[in-house]
file data09.cif (mmCIF, C-alpha atoms)
data_final
#
loop_
_atom_site.label_atom_id
_atom_site.label_comp_id
_atom_site.auth_asym_id
_atom_site.auth_seq_id
_atom_site.Cartn_x
_atom_site.Cartn_y
_atom_site.Cartn_z
CA MET A 1 14.38 -10.90 8.46
CA PRO A 2 15.62 -12.75 5.38
CA LYS A 3 15.88 -10.96 2.06
CA GLU A 4 15.28 -12.24 -1.45
CA TYR A 5 18.08 -12.14 -3.98
CA GLU A 6 18.13 -13.22 -7.62
CA ILE A 7 20.96 -15.29 -9.09
CA GLY A 8 20.30 -16.28 -12.68
CA ARG A 9 16.81 -17.74 -12.79
CA TYR A 10 16.69 -18.45 -9.06
CA LYS A 11 15.31 -16.23 -6.29
CA ILE A 12 17.03 -17.35 -3.11
CA LEU A 13 16.86 -16.12 0.47
CA LEU A 14 19.80 -14.48 2.23
CA PRO A 15 20.12 -13.64 5.94
CA ASP A 16 19.55 -9.95 6.58
CA ASP A 17 23.25 -9.34 7.34
CA HIS A 18 24.52 -11.25 4.29
CA ALA A 19 26.75 -8.99 2.20
CA LEU A 20 26.44 -10.68 -1.22
CA ASP A 21 23.78 -8.34 -2.59
CA ARG A 22 25.55 -5.23 -1.32
CA TYR A 23 28.94 -6.30 -2.64
CA GLN A 24 27.61 -7.21 -6.09
CA SER A 25 25.83 -3.87 -6.37
CA ILE A 26 29.22 -2.16 -5.93
CA TRP A 27 31.64 -4.66 -7.50
CA HIS A 28 29.76 -6.20 -10.42
CA ARG A 29 32.10 -9.17 -10.88
CA TYR A 30 32.22 -10.14 -7.21
CA ASP A 31 31.56 -13.90 -6.85
CA THR A 32 30.60 -14.35 -10.51
CA ALA A 33 33.57 -16.15 -12.11
CA LEU A 34 32.42 -19.56 -10.87
CA GLY A 35 29.32 -19.29 -13.05
CA TYR A 36 31.06 -19.12 -16.39
CA ILE A 37 33.73 -21.58 -15.23
CA ALA A 38 30.90 -24.05 -14.54
CA GLN A 39 29.43 -23.27 -17.96
CA LYS A 40 32.70 -24.25 -19.66
CA VAL A 41 33.04 -27.37 -17.52
CA ILE A 42 29.60 -28.71 -18.38
CA GLN A 43 30.12 -27.96 -22.09
CA LYS A 44 33.11 -30.32 -22.02
CA TYR A 45 31.62 -32.80 -19.53
CA PRO A 46 27.83 -32.78 -20.12
CA ALA A 47 27.11 -35.54 -17.60
CA THR A 48 29.31 -34.26 -14.80
CA THR A 49 28.49 -33.07 -11.29
CA ALA A 50 29.92 -30.43 -8.94
CA ILE A 51 30.97 -30.31 -5.29
CA ASP A 52 30.57 -27.08 -3.31
CA ILE A 53 32.55 -27.14 -0.05
CA GLY A 54 31.56 -24.23 2.14
CA ALA A 55 28.18 -24.00 0.42
CA ASN A 56 26.98 -21.19 2.71
CA VAL A 57 23.31 -20.49 1.84
CA GLY A 58 23.45 -22.07 -1.63
CA ASP A 59 24.37 -18.97 -3.64
CA SER A 60 27.25 -20.80 -5.35
CA ALA A 61 24.96 -23.73 -6.19
CA ALA A 62 22.61 -21.26 -7.88
CA LEU A 63 25.54 -19.68 -9.73
CA ILE A 64 26.88 -23.06 -10.88
CA GLN A 65 23.46 -23.85 -12.37
CA LYS A 66 22.88 -20.35 -13.75
CA TYR A 67 23.45 -21.37 -17.37
CA GLN A 68 22.72 -25.09 -17.36
CA GLU A 69 21.65 -27.66 -14.81
CA MET A 70 24.44 -29.57 -13.09
CA PRO A 71 23.90 -31.72 -9.98
CA VAL A 72 25.63 -30.04 -7.02
CA LEU A 73 26.64 -31.51 -3.67
CA CYS A 74 26.50 -28.68 -1.13
CA VAL A 75 28.78 -29.43 1.82
CA GLU A 76 28.05 -27.16 4.77
CA GLY A 77 28.22 -27.74 8.52
CA ASN A 78 27.49 -24.29 9.92
CA PRO A 79 24.08 -24.21 11.63
CA ALA A 80 23.85 -20.48 10.86
CA PHE A 81 23.52 -21.25 7.14
CA LEU A 82 21.78 -24.62 7.01
CA GLU A 83 18.17 -23.41 7.29
CA TYR A 84 18.74 -21.04 4.37
CA LEU A 85 20.65 -23.67 2.41
CA ARG A 86 17.83 -26.20 2.76
CA HIS A 87 15.27 -23.63 1.62
CA ASN A 88 17.36 -22.43 -1.33
CA ALA A 89 18.28 -25.96 -2.40
CA SER A 90 14.56 -26.73 -2.71
CA ILE A 91 14.25 -23.76 -5.09
CA ILE A 92 17.39 -24.46 -7.10
CA GLY A 93 16.75 -28.19 -7.42
CA ASN A 94 19.21 -30.83 -8.58
CA THR A 95 21.02 -30.27 -5.30
CA GLU A 96 21.99 -32.47 -2.36
CA ILE A 97 23.19 -31.29 1.04
CA ALA A 98 25.93 -32.95 3.11
CA GLU A 99 25.73 -31.38 6.56
CA TYR A 100 29.41 -31.66 7.42
CA PHE A 101 32.52 -29.63 7.93
CA VAL A 102 35.27 -31.02 5.70
CA GLY A 103 38.53 -31.83 7.47
CA THR A 104 40.63 -34.63 8.84
CA ASP A 105 38.58 -37.51 10.23
CA GLY A 106 38.47 -37.29 14.02
CA GLU A 107 38.75 -33.52 14.38
CA SER A 108 35.84 -31.43 15.58
CA VAL A 109 34.37 -27.95 15.27
CA ASP A 110 32.94 -26.06 18.22
CA VAL A 111 30.01 -24.14 16.73
CA HIS A 112 30.30 -21.52 19.47
CA LEU A 113 33.78 -20.61 18.20
CA ILE A 114 32.82 -20.15 14.53
CA HIS A 115 33.47 -16.59 13.39
CA ASN A 116 30.32 -15.49 11.53
CA VAL A 117 30.25 -12.04 9.93
CA SER A 118 28.27 -10.53 7.02
CA GLY A 119 27.27 -13.88 5.56
CA THR A 120 30.69 -15.54 5.75
CA ALA A 121 32.12 -17.83 8.38
CA SER A 122 35.53 -19.16 9.39
CA ILE A 123 36.15 -22.34 11.40
CA VAL A 124 39.92 -21.80 11.59
CA GLN A 125 39.78 -21.01 15.32
CA ALA A 126 36.94 -23.46 15.99
CA VAL A 127 38.73 -26.78 15.26
CA VAL A 128 39.19 -28.40 18.67
CA PRO A 129 39.83 -31.85 20.22
CA ASN A 130 36.86 -34.19 20.28
CA ASN A 131 34.12 -33.91 22.87
CA ASP A 132 30.41 -34.66 22.87
CA SER A 133 29.20 -31.08 22.47
CA ILE A 134 30.75 -30.34 19.10
CA ILE A 135 30.44 -31.30 15.42
CA LYS A 136 32.97 -33.77 14.05
CA THR A 137 34.70 -33.03 10.77
CA LYS A 138 34.60 -35.56 7.97
CA SER A 139 37.09 -36.17 5.20
CA LEU A 140 36.06 -35.52 1.62
CA GLU A 141 36.84 -39.16 0.87
CA LYS A 142 34.26 -40.39 3.40
CA ILE A 143 31.68 -37.82 2.35
CA LEU A 144 31.95 -39.06 -1.24
CA GLN A 145 31.54 -42.64 -0.08
CA GLU A 146 28.17 -41.52 1.27
CA TYR A 147 27.29 -39.39 -1.76
CA SER A 148 28.72 -41.67 -4.43
CA ARG A 149 27.13 -39.98 -7.45
CA PHE A 150 29.61 -37.11 -6.96
CA GLN A 151 32.76 -39.26 -6.90
CA ASN A 152 33.68 -38.24 -10.46
CA SER A 153 32.79 -34.55 -10.23
CA LYS A 154 34.76 -32.35 -12.61
CA LEU A 155 34.15 -29.13 -10.67
CA LEU A 156 35.22 -28.62 -7.06
CA LYS A 157 34.59 -25.29 -5.37
CA ILE A 158 36.11 -24.56 -1.94
CA ASP A 159 35.36 -21.41 0.05
CA THR A 160 35.82 -21.83 3.78
CA ASP A 161 37.44 -18.57 4.89
CA GLY A 162 40.95 -19.71 5.70
CA PHE A 163 40.45 -23.49 5.82
CA ASP A 164 40.83 -24.06 2.07
CA PHE A 165 44.51 -25.00 2.18
CA GLU A 166 43.87 -27.58 4.91
CA ILE A 167 41.06 -29.10 2.85
CA ILE A 168 43.22 -29.32 -0.27
CA GLN A 169 46.04 -30.97 1.66
CA SER A 170 43.81 -33.45 3.49
CA SER A 171 41.89 -34.26 0.27
CA ILE A 172 44.84 -34.53 -2.10
CA ASP A 173 44.37 -38.26 -2.79
CA VAL A 174 40.74 -37.71 -3.77
CA ILE A 175 41.72 -34.71 -5.89
CA SER A 176 44.44 -36.74 -7.58
CA ASP A 177 41.91 -39.43 -8.54
CA MET A 178 39.18 -37.05 -9.72
CA GLU A 179 41.29 -34.28 -11.27
CA PRO A 180 38.46 -31.73 -11.10
CA ILE A 181 38.75 -28.09 -12.04
CA ILE A 182 39.23 -26.53 -8.59
CA TYR A 183 38.00 -23.05 -7.74
CA PHE A 184 39.18 -22.05 -4.27
CA GLU A 185 39.69 -19.03 -2.06
CA TYR A 186 43.31 -18.02 -1.52
CA ASP A 187 43.32 -16.08 1.75
CA ILE A 188 46.48 -15.98 3.89
CA SER A 189 45.10 -13.72 6.61
CA PHE A 190 43.62 -16.26 9.01
CA THR A 191 46.62 -17.99 10.64
CA PRO A 192 50.33 -17.21 11.20
CA THR A 193 51.28 -20.19 8.99
CA ALA A 194 48.81 -19.47 6.18
CA GLU A 195 51.46 -18.21 3.75
CA ASP A 196 53.42 -21.45 4.02
CA ASP A 197 50.21 -23.51 4.03
CA ALA A 198 49.13 -21.86 0.79
CA LEU A 199 52.41 -22.62 -0.97
CA GLN A 200 52.38 -26.18 0.32
CA ALA A 201 48.83 -26.72 -0.98
CA LEU A 202 49.82 -25.34 -4.38
CA GLY A 203 52.89 -27.57 -4.42
CA MET A 204 50.77 -30.62 -3.68
CA LEU A 205 48.40 -29.75 -6.52
CA CYS A 206 51.32 -29.44 -8.91
CA GLU A 207 52.67 -32.80 -7.75
CA VAL A 208 49.40 -34.55 -8.70
CA GLY A 209 49.17 -33.00 -12.16
CA TYR A 210 47.82 -29.46 -11.89
CA GLU A 211 49.62 -27.28 -14.41
CA LYS A 212 47.70 -24.03 -14.93
CA PHE A 213 46.16 -21.48 -12.58
CA ILE A 214 43.92 -18.47 -13.22
CA VAL A 215 44.04 -15.84 -10.48
CA TYR A 216 41.19 -13.44 -9.72
CA ASP A 217 41.26 -10.63 -7.17
CA ASN A 218 38.66 -10.62 -4.38
CA PHE A 219 36.36 -8.43 -6.51
CA GLY A 220 36.19 -11.11 -9.21
CA ASN A 221 38.49 -9.38 -11.69
CA TYR A 222 40.87 -11.44 -13.81
CA LEU A 223 44.40 -10.76 -12.57
CA LEU A 224 46.83 -13.14 -14.27
CA SER A 225 47.53 -16.72 -15.28
CA LEU A 226 50.34 -18.85 -13.91
CA SER A 227 51.81 -22.28 -14.53
CA GLU A 228 53.20 -25.00 -12.31
CA HIS A 229 56.67 -23.48 -12.91
CA ASP A 230 55.75 -20.07 -11.48
CA TYR A 231 56.44 -20.79 -7.80
CA GLU A 232 58.28 -17.49 -7.33
CA LYS A 233 55.29 -15.56 -8.68
CA PHE A 234 53.06 -17.14 -6.05
CA ILE A 235 55.52 -15.85 -3.45
CA ASP A 236 55.16 -12.42 -5.05
CA LEU A 237 51.36 -12.68 -4.80
CA ASN A 238 51.67 -13.55 -1.12
CA ALA A 239 53.86 -10.49 -0.63
CA TYR A 240 51.22 -8.36 -2.32
CA LEU A 241 48.48 -9.65 0.01
CA LEU A 242 50.68 -9.12 3.05
CA SER A 243 51.52 -5.58 1.94
CA ASN A 244 47.82 -4.83 1.50
CA ARG A 245 47.00 -6.09 4.97
CA LEU A 246 50.01 -4.88 6.94
CA LYS A 247 51.48 -1.88 5.16
CA SER A 248 48.94 -0.01 3.05
CA GLY A 249 46.72 1.36 5.81
CA THR A 250 43.45 0.58 4.04
CA SER A 251 43.48 -2.73 2.19
CA ALA A 252 42.47 -2.76 -1.45
CA VAL A 253 42.72 -6.51 -2.13
CA TYR A 254 42.18 -8.94 0.74
CA TYR A 255 42.49 -12.31 -0.98
CA PHE A 256 42.48 -14.05 -4.36
CA ASP A 257 40.30 -16.70 -5.93
CA ILE A 258 42.23 -19.30 -7.90
CA CYS A 259 41.03 -21.72 -10.54
CA ALA A 260 43.35 -24.71 -10.99
CA PHE A 261 43.48 -27.00 -14.04
CA ALA A 262 45.05 -30.43 -14.41
CA ASN A 263 46.79 -31.48 -17.61
CA GLU A 264 43.71 -32.96 -19.28
CA ASP A 265 41.83 -29.65 -18.93
CA ILE A 266 44.40 -27.24 -20.34
CA ASP A 267 41.92 -26.60 -23.14
CA LEU A 268 39.42 -25.23 -20.60
CA TYR A 269 42.13 -23.06 -19.09
CA GLU A 270 42.97 -21.64 -22.51
CA HIS A 271 39.31 -20.96 -23.35
CA LEU A 272 38.70 -19.20 -20.04
CA ARG A 273 41.90 -17.15 -20.22
CA PHE A 274 41.12 -16.09 -23.79
CA GLN A 275 37.56 -15.22 -22.79
CA GLU A 276 38.79 -12.99 -19.97
CA ILE A 277 41.34 -11.16 -22.12
CA ARG A 278 38.96 -10.76 -25.08
CA MET A 279 36.23 -9.40 -22.80
CA LEU A 280 38.59 -6.84 -21.27
CA LEU A 281 39.94 -5.72 -24.64
CA SER A 282 36.59 -5.54 -26.44
#

call {"tool": "encode", "arguments": {"input": "data09.cif", "output": "structure tokens"}}
result
Amino acid sequence: MPKEYEIGRYKILLPDDHALDRYQSIWHRYDTALGYIAQKVIQKYPATTAIDIGANVGDSAALIQKYQEMPVLCVEGNPAFLEYLRHNASIIGNTEIAEYFVGTDGESVDVHLIHNVSGTASIVQAVVPNNDSIIKTKSLEKILQEYSRFQNSKLLKIDTDGFDFEIIQSSIDVISDMEPIIYFEYDISFTPTAEDDALQALGMLCEVGYEKFIVYDNFGNYLLSLSEHDYEKFIDLNAYLLSNRLKSGTSAVYYFDICAFANEDIDLYEHLRFQEIRMLLS
């Protein structure tokens, strides 16, 4: 049976096994940073829109609009979430749904191979060669051709449980043109090459003008801020995640969330960083 959960002024439905409500009752900042990031973005860009890749059941769309309405494109291809997403989008409003998995044009996802657990899902092991029984992936570029009102979005959220680096790499031309604030999951546990993929994705962002990064732990706590020149520190962060997973016995931190800022939005980076430090010291 679904359960009702309140995010801001919205009461959305979650699948019974969805962990969001349980996690937020224990870790009060879990999956909350995106809300006040969106608030800062819309203060600077009042007419902007947002793109939510890996929209799940629409909880991030509700969080993005917690403080002020912002049109959100929810991109989600997982049939396990779509019924809930459609229902919740009707409650949240100002929301469109693109029923796709984002990836390289011509690839496909076998829905039977999607790893669904506790309200999250990974397609890392489900991307397969084309055949008629599976869902084709679609590039962000082509999705935005279809949903053109979101082509100049200043907020891009990506949370696809291990596929985020692939999406950044395959979408880098679109990202370069739009220069949105990007909030993405940094999880190197899904594939043997994830550590290198993560560093490559960060390098590509730096090459197209991203200069500042705010890092949160997987509980939503502010961890540190880095610049485009801090490549070695990203290697250190990878080592920390690997140590948690492989050496510590019981992991404390499983992944990071990273917010990336291009040159023209360094002011937003500074405001958010100052807000985090002031809140912790007050």

call {"tool": "resolve_selection", "arguments": {"input": "data09.cif", "expression": "the PyMOL selection byres ((chain A and resi 167) around 10)", "output": "ChimeraX atom specification"}}
result
/A:53,101-104,139-140,158-160,162-166,168-172,201

call {"tool": "resolve_selection", "arguments": {"input": "data09.cif", "expression": "the PyMOL selection byres ((chain A and resi 186) around 7)", "output": "list in words"}}
result
Phe184, Glu185, Asp187, Ile188, Tyr255, Phe256, Asp257 and Ile258 of chain A

call {"tool": "residues_near_point", "arguments": {"input": "data09.cif", "point": "(16.1, -13.0, -4.2)", "cutoff": "12 Å", "atoms": "all atoms listed in the file", "output": "JSON, numbers by chain"}}
result
{"A": [2, 3, 4, 5, 6, 7, 8, 9, 10, 11, 12, 13, 14, 15, 16, 20, 21, 58, 59, 62, 88, 91, 92]}

call {"tool": "resolve_selection", "arguments": {"input": "data09.cif", "expression": "the PyMOL selection byres ((chain A and resi 30-35) around 6)", "output": "ChimeraX atom specification"}}
result
/A:24,27-29,36-38,63-64,219-220

call {"tool": "atom_distance", "arguments": {"input": "data09.cif", "atom1": "CA of Tyr183 (chain A)", "atom2": "CA of Ala260 (chain A)"}}
result
6.5 Å

call {"tool": "residues_around", "arguments": {"input": "data09.cif", "residues": "Ile143 (chain A)", "least_positions_apart": "5", "cutoff": "9 Å", "atoms": "all atoms listed in the file", "output": "short mmCIF file (atom, residue, chain, number, x, y, z; two decimals) with C-alpha atoms, in the coordinates of the input"}}
result
data_model
loop_
_atom_site.label_atom_id
_atom_site.label_comp_id
_atom_site.auth_asym_id
_atom_site.auth_seq_id
_atom_site.Cartn_x
_atom_site.Cartn_y
_atom_site.Cartn_z
CA VAL A 75 28.78 -29.43 1.82
CA ALA A 98 25.93 -32.95 3.11
CA TYR A 100 29.41 -31.66 7.42
CA VAL A 102 35.27 -31.02 5.70
CA LYS A 138 34.60 -35.56 7.97
CA SER A 148 28.72 -41.67 -4.43
#

call {"tool": "atom_distance", "arguments": {"input": "data09.cif", "atom1": "CA of Ile42 (chain A)", "atom2": "CA of Pro71 (chain A)"}}
result
10.6 Å

call {"tool": "residues_around", "arguments": {"input": "data09.cif", "residues": "Tyr231 (chain A)", "least_positions_apart": "2", "cutoff": "12 Å", "atoms": "all atoms listed in the file", "output": "PyMOL selection string"}}
result
chain A and resi 198-203+206+211-213+226-229+233-238

call {"tool": "closest_residue", "arguments": {"input": "data09.cif", "among": "A:Tyr240, A:Tyr216, A:Tyr210, A:Tyr222", "to": "Ile266 (chain A)", "atoms": "all atoms listed in the file"}}
result
A:Tyr210

call {"tool": "closest_residue", "arguments": {"input": "data09.cif", "among": "A:Phe261, A:Phe274, A:Leu205, A:Asp230", "to": "Asp173 (chain A)", "atoms": "only C-alpha atoms"}}
result
A:Leu205

call {"tool": "closest_residue", "arguments": {"input": "data09.cif", "among": "A:Ile97, A:Val174, A:Val57, A:Asn263", "to": "Leu85 (chain A)", "atoms": "only C-alpha atoms"}}
result
A:Val57

call {"tool": "atom_distance", "arguments": {"input": "data09.cif", "atom1": "CA of Asn221 (chain A)", "atom2": "CA of Tyr254 (chain A)"}}
result
13.0 Å

call {"tool": "axis_aligned_box", "arguments": {"input": "data09.cif", "around": "region 192-211 of chain A", "padding_each_side": "6 Å", "output": "lines of an AutoDock Vina configuration file"}}
result
center_x = 50.6
center_y = -25.9
center_z = -1.6
size_x = 17.6
size_y = 29.3
size_z = 37.6

call {"tool": "closest_residue", "arguments": {"input": "data09.cif", "among": "A:Arg278, A:Arg149, A:Lys136, A:Arg245", "to": "Glu96 (chain A)", "atoms": "only C-alpha atoms"}}
result
A:Arg149

call {"tool": "closest_residue", "arguments": {"input": "data09.cif", "among": "A:Met178, A:Pro192, A:Asn244, A:Phe81", "to": "Glu264 (chain A)", "atoms": "all atoms listed in the file"}}
result
A:Met178

call {"tool": "residues_around", "arguments": {"input": "data09.cif", "residues": "Leu272 (chain A)", "least_positions_apart": "2", "cutoff": "9 Å", "atoms": "only C-alpha atoms", "output": "list in words"}}
result
Tyr36, Ile37, Lys40, Ile214, Asp267, Leu268, Tyr269, Glu270, Phe274, Gln275, Glu276 and Ile277 of chain A

call {"tool": "decode", "arguments": {"input": "data09.cif", "residues": "region 185-210 of chain A", "atoms": "N, CA and C atoms", "output": "PDB file, in the first residue's frame"}}
result
ATOM      1  N   GLU A 185      24.522  13.006  -7.885  1.00  0.00           N
ATOM      2  CA  GLU A 185      25.004  12.002  -6.948  1.00  0.00           C
ATOM      3  C   GLU A 185      26.374  11.505  -7.387  1.00  0.00           C
ATOM      4  N   TYR A 186      27.294  11.432  -6.432  1.00  0.00           N
ATOM      5  CA  TYR A 186      28.664  11.014  -6.694  1.00  0.00           C
ATOM      6  C   TYR A 186      28.891   9.685  -5.990  1.00  0.00           C
ATOM      7  N   ASP A 187      28.564   8.596  -6.681  1.00  0.00           N
ATOM      8  CA  ASP A 187      28.634   7.258  -6.102  1.00  0.00           C
ATOM      9  C   ASP A 187      29.531   6.397  -6.984  1.00  0.00           C
ATOM     10  N   ILE A 188      30.638   5.916  -6.422  1.00  0.00           N
ATOM     11  CA  ILE A 188      31.605   5.141  -7.204  1.00  0.00           C
ATOM     12  C   ILE A 188      31.536   3.651  -6.871  1.00  0.00           C
ATOM     13  N   SER A 189      30.389   3.200  -6.387  1.00  0.00           N
ATOM     14  CA  SER A 189      30.280   1.812  -5.941  1.00  0.00           C
ATOM     15  C   SER A 189      29.644   0.871  -6.968  1.00  0.00           C
ATOM     16  N   PHE A 190      29.181   1.404  -8.092  1.00  0.00           N
ATOM     17  CA  PHE A 190      28.347   0.583  -8.964  1.00  0.00           C
ATOM     18  C   PHE A 190      29.113  -0.200 -10.031  1.00  0.00           C
ATOM     19  N   THR A 191      30.244   0.304 -10.486  1.00  0.00           N
ATOM     20  CA  THR A 191      30.999  -0.377 -11.543  1.00  0.00           C
ATOM     21  C   THR A 191      32.487  -0.364 -11.201  1.00  0.00           C
ATOM     22  N   PRO A 192      33.266  -1.281 -11.772  1.00  0.00           N
ATOM     23  CA  PRO A 192      34.721  -1.298 -11.521  1.00  0.00           C
ATOM     24  C   PRO A 192      35.431  -0.052 -12.012  1.00  0.00           C
ATOM     25  N   THR A 193      34.855   0.637 -13.006  1.00  0.00           N
ATOM     26  CA  THR A 193      35.510   1.825 -13.580  1.00  0.00           C
ATOM     27  C   THR A 193      34.945   3.128 -13.022  1.00  0.00           C
ATOM     28  N   ALA A 194      34.076   3.044 -12.026  1.00  0.00           N
ATOM     29  CA  ALA A 194      33.357   4.237 -11.565  1.00  0.00           C
ATOM     30  C   ALA A 194      34.290   5.326 -11.045  1.00  0.00           C
ATOM     31  N   GLU A 195      35.381   4.941 -10.387  1.00  0.00           N
ATOM     32  CA  GLU A 195      36.304   5.943  -9.860  1.00  0.00           C
ATOM     33  C   GLU A 195      36.888   6.777 -10.992  1.00  0.00           C
ATOM     34  N   ASP A 196      37.332   6.112 -12.053  1.00  0.00           N
ATOM     35  CA  ASP A 196      37.867   6.838 -13.206  1.00  0.00           C
ATOM     36  C   ASP A 196      36.770   7.612 -13.925  1.00  0.00           C
ATOM     37  N   ASP A 197      35.580   7.022 -14.034  1.00  0.00           N
ATOM     38  CA  ASP A 197      34.461   7.699 -14.688  1.00  0.00           C
ATOM     39  C   ASP A 197      34.102   8.986 -13.957  1.00  0.00           C
ATOM     40  N   ALA A 198      34.143   8.936 -12.626  1.00  0.00           N
ATOM     41  CA  ALA A 198      33.828  10.118 -11.836  1.00  0.00           C
ATOM     42  C   ALA A 198      34.826  11.245 -12.097  1.00  0.00           C
ATOM     43  N   LEU A 199      36.103  10.913 -12.089  1.00  0.00           N
ATOM     44  CA  LEU A 199      37.132  11.933 -12.324  1.00  0.00           C
ATOM     45  C   LEU A 199      37.067  12.472 -13.746  1.00  0.00           C
ATOM     46  N   GLN A 200      36.736  11.606 -14.687  1.00  0.00           N
ATOM     47  CA  GLN A 200      36.604  12.064 -16.071  1.00  0.00           C
ATOM     48  C   GLN A 200      35.423  13.023 -16.207  1.00  0.00           C
ATOM     49  N   ALA A 201      34.291  12.700 -15.565  1.00  0.00           N
ATOM     50  CA  ALA A 201      33.126  13.585 -15.628  1.00  0.00           C
ATOM     51  C   ALA A 201      33.441  14.940 -15.002  1.00  0.00           C
ATOM     52  N   LEU A 202      34.130  14.938 -13.870  1.00  0.00           N
ATOM     53  CA  LEU A 202      34.528  16.199 -13.242  1.00  0.00           C
ATOM     54  C   LEU A 202      35.463  16.993 -14.136  1.00  0.00           C
ATOM     55  N   GLY A 203      36.404  16.292 -14.765  1.00  0.00           N
ATOM     56  CA  GLY A 203      37.323  16.963 -15.679  1.00  0.00           C
ATOM     57  C   GLY A 203      36.605  17.607 -16.841  1.00  0.00           C
ATOM     58  N   MET A 204      35.600  16.931 -17.368  1.00  0.00           N
ATOM     59  CA  MET A 204      34.836  17.487 -18.490  1.00  0.00           C
ATOM     60  C   MET A 204      34.050  18.713 -18.045  1.00  0.00           C
ATOM     61  N   LEU A 205      33.499  18.684 -16.836  1.00  0.00           N
ATOM     62  CA  LEU A 205      32.799  19.862 -16.333  1.00  0.00           C
ATOM     63  C   LEU A 205      33.749  21.047 -16.200  1.00  0.00           C
ATOM     64  N   CYS A 206      34.937  20.793 -15.694  1.00  0.00           N
ATOM     65  CA  CYS A 206      35.916  21.873 -15.562  1.00  0.00           C
ATOM     66  C   CYS A 206      36.300  22.437 -16.929  1.00  0.00           C
ATOM     67  N   GLU A 207      36.408  21.572 -17.911  1.00  0.00           N
ATOM     68  CA  GLU A 207      36.791  22.017 -19.254  1.00  0.00           C
ATOM     69  C   GLU A 207      35.756  22.939 -19.880  1.00  0.00           C
ATOM     70  N   VAL A 208      34.477  22.794 -19.495  1.00  0.00           N
ATOM     71  CA  VAL A 208      33.435  23.644 -20.093  1.00  0.00           C
ATOM     72  C   VAL A 208      33.036  24.787 -19.162  1.00  0.00           C
ATOM     73  N   GLY A 209      33.843  25.063 -18.130  1.00  0.00           N
ATOM     74  CA  GLY A 209      33.647  26.285 -17.367  1.00  0.00           C
ATOM     75  C   GLY A 209      33.172  26.144 -15.941  1.00  0.00           C
ATOM     76  N   TYR A 210      33.080  24.918 -15.424  1.00  0.00           N
ATOM     77  CA  TYR A 210      32.668  24.757 -14.028  1.00  0.00           C
ATOM     78  C   TYR A 210      33.886  24.927 -13.118  1.00  0.00           C
TER      79      TYR A 210
END
